[in-house]
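S.K.: Quick one: the structure is below, questions incoming.
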Amino acid sequence: MHTKAVVSVGVLAVFVIGAVVLSLLSLRGRNKRDLAEWSVGGRSLGMVFIFMLMAGETYTSFSYLGAAGWSYEYGMPAFYLVAYLSIGFAAGYLVGPILWNYARQHHLHTITDIVSHRFGSPWLGAGVAVLTTFFLLPYIQLQITGMGVVVSTISYGTIGLGVGYVIAFLVSEAFVLASGLRGSAWVSVLKDVLVVVTLLFVFCYVPVHYFGGFGPMMHRLVTERPQWLALPGHGDESLGMLWFASTGLLNGVVYTIFPTTVAGYLGARNPGVLRRNAMIMPLYQVLLFVPVLLGLAALFVVPGLGDSNLAMFQLIVDSLPAWAVGLVGVAGALSAMVPMAVFMLVIGTMWARSILGAHPRTAPHQKRLAQLVTFVLGLTALVFTFIAPSTLVQLSVLSYQGIAQLLPVVLLSLLWKRMSTVAGACGLACGVVTVVLFAATGHETWHGINSGLVGLALNLAVTGLITWFKPADTPADQLAVDERTTPVTSLSSST
Amino acid sequence: MFAGRKSLWWLLGPVVLYTAALPLYNRVEPVILGMPFFMSWTLLATLLTPVCIWLAARRDPLWVADQERS
């Protein structure tokens with residue numbers, strides 16, 4: 001192996017092992033048999049951990065590879081990421097505490113639990129769990145693929161993609177199976193520190209190294225690549241203003257019920273933590289400007305890349321010494337592994353609560369079942385990565401649009417007394433069929449509007465219509481309650 | 001749930017900044033601090049989002065109760 005590769009891979013190995021050790025340390029003094037301890041950190045995480053965990057979840061390997069890749073390929077459309085996250089944090093100020101209070105009051109762990117309880121229907125809960133798995137599996141595969149790309153690139157090509165995939169799978173499983181959400185929060189601290197330090201460093205270094213400063217780089221962009229600097233950007237006419245606005249709005253609201261976001265919400269010690277978190281999270285998104293800018297810089301330095309996802313890492317490998325390449329690689333690798341771990345944990349918990357462990361006889365084994373599903377799921381994603389790398393990635397465009405269809409049953413239903421099970425289920429079915437049809441025919445937009453929003457509009461129309469004809473009378477116990485009428489107590493022994 | 005929480009309207013701030021304002025800011029010129037206009041507006045919106053949430057929180061009875069508790 002080349003000396004440079006030995007150094008960068010060595011740095012990567014040390015930090016990855018460190019991450020696993022850190023996650024195991026998080027378990028000291030904790031109840032290792034309780035599902036809530038594993039799935040939502042015992043609902044005991046304070047401000048710092050919630051911030052690190054939720055910031056970490058928003059900063060996935062997509063932010064590293066995809067944001068730079070989009071910016072390289074299209075330009076400004078890449079900023080939809082920043083737009084929807086900001087809108088999502090603002091919405092989260094309101095939604096997070098509503099879900100936290102509801103879940104805390106009824107001892108719920110995931111969005112499927114919430115659905116089961118709200119409608120008094122385990123079947124609907126189970127159905128939602130299956131749908132969610134279908135929509136999230138591609139995301140897990142994306143993280144595995146992302147990790148493979150990072151490891152392979154920073155090892156200067158000496159480690160193959162396949163080995164990278166397997167490492168991603170093994171390490172994520174190792175820490176999530178043992179330490180659950182709390183371990184992920186601890187590893188997030190390491191990850192976020194590395195992400196901030198390396199991105200700021202790269203941000204200062206690259207423009208100076210290649211362009212003689214930030215000003216000259218921007219000047220070249222404005223004069224030579226103006227097409228990239230406004231919507232619809234370069235090359236894809238469908239990414240116009242309507243697309244940007246509808247995607248920003250839809251994904252922003254969906255962010256608040258995204259299963260991994262909700263896991264973060266429910267991990268909080270009290271709803272006040274979530275409100276304060278909502279206020280500072282947007283500032284962290286300023287960091288997303290770095291991959292976007294580097295993607296644009298790569299237009300001049302490494303033009304004509306076959307795989308635009310490599311835009312940022314090619315720049316880094318090209319310009320930095322091996323140890324620094326290793327550090328950026330660690331940040332990139334952890335950005336794949338932490339979100340992936342939380343994704344797997346969330347789906348494992350859903351299956352354990354709403355499908356496999358829903359029967360009284362299996363209920364006592366929910367934690368084991370959750371861990372089993374977490375393992376099988378990761379393995380499935382890994383196998384797909386090898387045998388059908390593109391199938392799931394094509395499905396991943398469905399992830400947000402599909403989860404969006406859950407908005408009425410997960411959130412609206414808690415506030416809407418008259419909404420019935422039938423109305424919710426029919427609306428959901430219509431919405432899902434709509435987005436799947438759009439995706440199957442290769443359309444992501446309808447007259448420039450994000451197809452997920454079209455699906456949601458139909459979904460809401462159907463839900464509203466059925467509710468209007470046949471309203472339900474939901475008991476107050478199954479609806480969200482005003483936080484002011486239920487005094488907040490910091491968590492004691494019961495979960 | 002929403003009674004006495006009128007300040008929550010401020011939470012729509014980011015929606016206005018990023019989406020409703022698009023026709024105004026979807027342009028390259030003028031270049032501000034070296035950045036094309038779309039990018040500088042996005043940066044401004046990102047910095048103003050916490051301010052909007054703070055304005056919403058400031059008069060929210062739940063936020064006020066959080067502060068008194070801690």
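In the structure tokens, the first chain shown is A, the next is B, and so on; residue numbers restart at 1 for each chain, and ligands run from 1 in the order shown.
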Excluding Leu414 of chain A and residues on its chain fewer than 5 positions from it, collect all residues at most 12 Å away from it, counting only C-alpha atoms, and give them as a PyMOL selection string.

M.R.: (chain A and resi 95+98-99+101-103+111+114-119+407-409+419-420+424+474-482) or (chain B and resi 1)

S.K.: Select from chain A every residue with an atom at most 6 Å from any atom of chain B, then for each give the shortest pair of atoms and their distance in Å to one decimal, using only C-alpha atoms, rows by chain and rising number, as a tab-separated table.

M.R.:
```
residue	atom	partner	partner_atom	distance
A:Ala83	CA	B:Tyr18	CA	5.9
A:Ile87	CA	B:Pro14	CA	5.5
A:Ala90	CA	B:Leu11	CA	5.4
A:Gly215	CA	B:Gly34	CA	5.8
A:Leu229	CA	B:Val28	CA	5.9
A:Ala230	CA	B:Arg27	CA	5.4
A:Ala245	CA	B:Thr19	CA	4.6
A:Gly272	CA	B:Asp66	CA	5.6
A:Met279	CA	B:Pro50	CA	5.0
A:Asp482	CA	B:Met1	CA	4.8
```

S.K.: Residues at most 8 Å from Thr256 of chain A, counting only C-alpha atoms, excluding those fewer than 6 positions away in the same chain, as a list in words?

M.R.: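 The contact residues come out as Gly88, Phe89, Ala91, Gly92, Val95, Gly96 and Val262 of chain A.
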
S.K.: Suppose we keep all heavy atoms; can you now write the selection as an mmCIF file, in the first residue's frame?

M.R.:
```cif
data_model
loop_
_atom_site.group_PDB
_atom_site.id
_atom_site.type_symbol
_atom_site.label_atom_id
_atom_site.label_comp_id
_atom_site.auth_asym_id
_atom_site.auth_seq_id
_atom_site.Cartn_x
_atom_site.Cartn_y
_atom_site.Cartn_z
ATOM 1 N N GLY A 88 -38.035 23.184 8.379
ATOM 2 C CA GLY A 88 -38.291 22.061 9.273
ATOM 3 C C GLY A 88 -38.003 22.383 10.736
ATOM 4 O O GLY A 88 -38.764 21.994 11.619
ATOM 5 N N PHE A 89 -36.934 23.134 10.994
ATOM 6 C CA PHE A 89 -36.623 23.467 12.393
ATOM 7 C C PHE A 89 -37.675 24.411 12.959
ATOM 8 O O PHE A 89 -38.068 24.281 14.119
ATOM 9 C CB PHE A 89 -35.241 24.105 12.512
ATOM 10 C CG PHE A 89 -34.137 23.210 12.017
ATOM 11 C CD1 PHE A 89 -33.068 23.721 11.303
ATOM 12 C CD2 PHE A 89 -34.185 21.849 12.260
ATOM 13 C CE1 PHE A 89 -32.069 22.886 10.835
ATOM 14 C CE2 PHE A 89 -33.193 21.009 11.796
ATOM 15 C CZ PHE A 89 -32.131 21.529 11.072
ATOM 16 N N ALA A 91 -40.824 24.593 12.012
ATOM 17 C CA ALA A 91 -42.021 23.780 12.259
ATOM 18 C C ALA A 91 -41.803 22.886 13.481
ATOM 19 O O ALA A 91 -42.719 22.642 14.265
ATOM 20 C CB ALA A 91 -42.348 22.934 11.031
ATOM 21 N N GLY A 92 -40.563 22.415 13.636
ATOM 22 C CA GLY A 92 -40.247 21.524 14.752
ATOM 23 C C GLY A 92 -40.417 22.183 16.113
ATOM 24 O O GLY A 92 -40.698 21.499 17.101
ATOM 25 N N VAL A 95 -44.051 21.272 16.443
ATOM 26 C CA VAL A 95 -44.431 19.864 16.312
ATOM 27 C C VAL A 95 -43.681 18.969 17.313
ATOM 28 O O VAL A 95 -44.280 18.080 17.924
ATOM 29 C CB VAL A 95 -44.171 19.369 14.867
ATOM 30 C CG1 VAL A 95 -44.471 17.884 14.747
ATOM 31 C CG2 VAL A 95 -45.008 20.166 13.884
ATOM 32 N N GLY A 96 -42.390 19.218 17.485
ATOM 33 C CA GLY A 96 -41.586 18.370 18.367
ATOM 34 C C GLY A 96 -42.227 18.188 19.738
ATOM 35 O O GLY A 96 -42.472 17.047 20.164
ATOM 36 N N VAL A 262 -38.159 12.030 14.710
ATOM 37 C CA VAL A 262 -39.028 11.760 15.850
ATOM 38 C C VAL A 262 -38.265 10.992 16.930
ATOM 39 O O VAL A 262 -38.442 11.261 18.127
ATOM 40 C CB VAL A 262 -40.306 11.010 15.405
ATOM 41 C CG1 VAL A 262 -41.166 10.635 16.591
ATOM 42 C CG2 VAL A 262 -41.104 11.882 14.447
#
```

S.K.: Using Å and a single decimal, report how far atom CA of Thr434 of chain A sits from atom CA of Gln405 of chain A.

M.R.: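 Those two atoms sit 9.8 Å apart.
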
S.K.: As JSON, numbers by chain, which residues of segment 248-387 of chain A does DSSP assign to alpha helix (DSSP H)?

M.R.: {"A": [248, 249, 250, 251, 252, 253, 254, 255, 259, 260, 261, 262, 263, 264, 265, 266, 267, 271, 272, 273, 274, 275, 276, 277, 278, 279, 280, 281, 282, 283, 284, 289, 290, 291, 292, 293, 294, 295, 296, 297, 298, 299, 300, 301, 311, 312, 313, 314, 315, 316, 317, 318, 319, 322, 323, 324, 325, 326, 327, 328, 329, 330, 331, 332, 333, 334, 335, 336, 337, 338, 339, 340, 341, 342, 343, 344, 345, 346, 347, 348, 349, 350, 366, 367, 368, 369, 370, 371, 372, 373, 374, 375, 376, 377, 378, 379, 380, 381, 382, 383, 384, 385, 386, 387]}

S.K.: Just give me the gap between atom CA of Leu372 of chain A and atom CA of Ser26 of chain A in Å, one decimal is fine.

M.R.: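 Taking atom CA of Leu372 of chain A and atom CA of Ser26 of chain A, their separation equals 21.1 Å.
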
S.K.: Find the spatial neighbours of segment 131-143 of chain A, counting only C-alpha atoms, within a cut-off of 8 Å - ignore same-chain residues fewer than 3 positions away - and output them as JSON, numbers by chain.

M.R.: {"A": [60, 61, 62, 127, 128, 146, 147, 336, 337, 339, 340, 343, 344, 347, 377, 378, 381, 382, 384, 385, 392, 393, 395, 396, 398, 399, 400, 402, 403]}

S.K.: If you measure from atom CA of Tyr165 of chain A to atom CA of Gly148 of chain A, what distance in Å do you get, rounded to one decimal?

M.R.: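 These atoms are spaced 4.8 Å apart.
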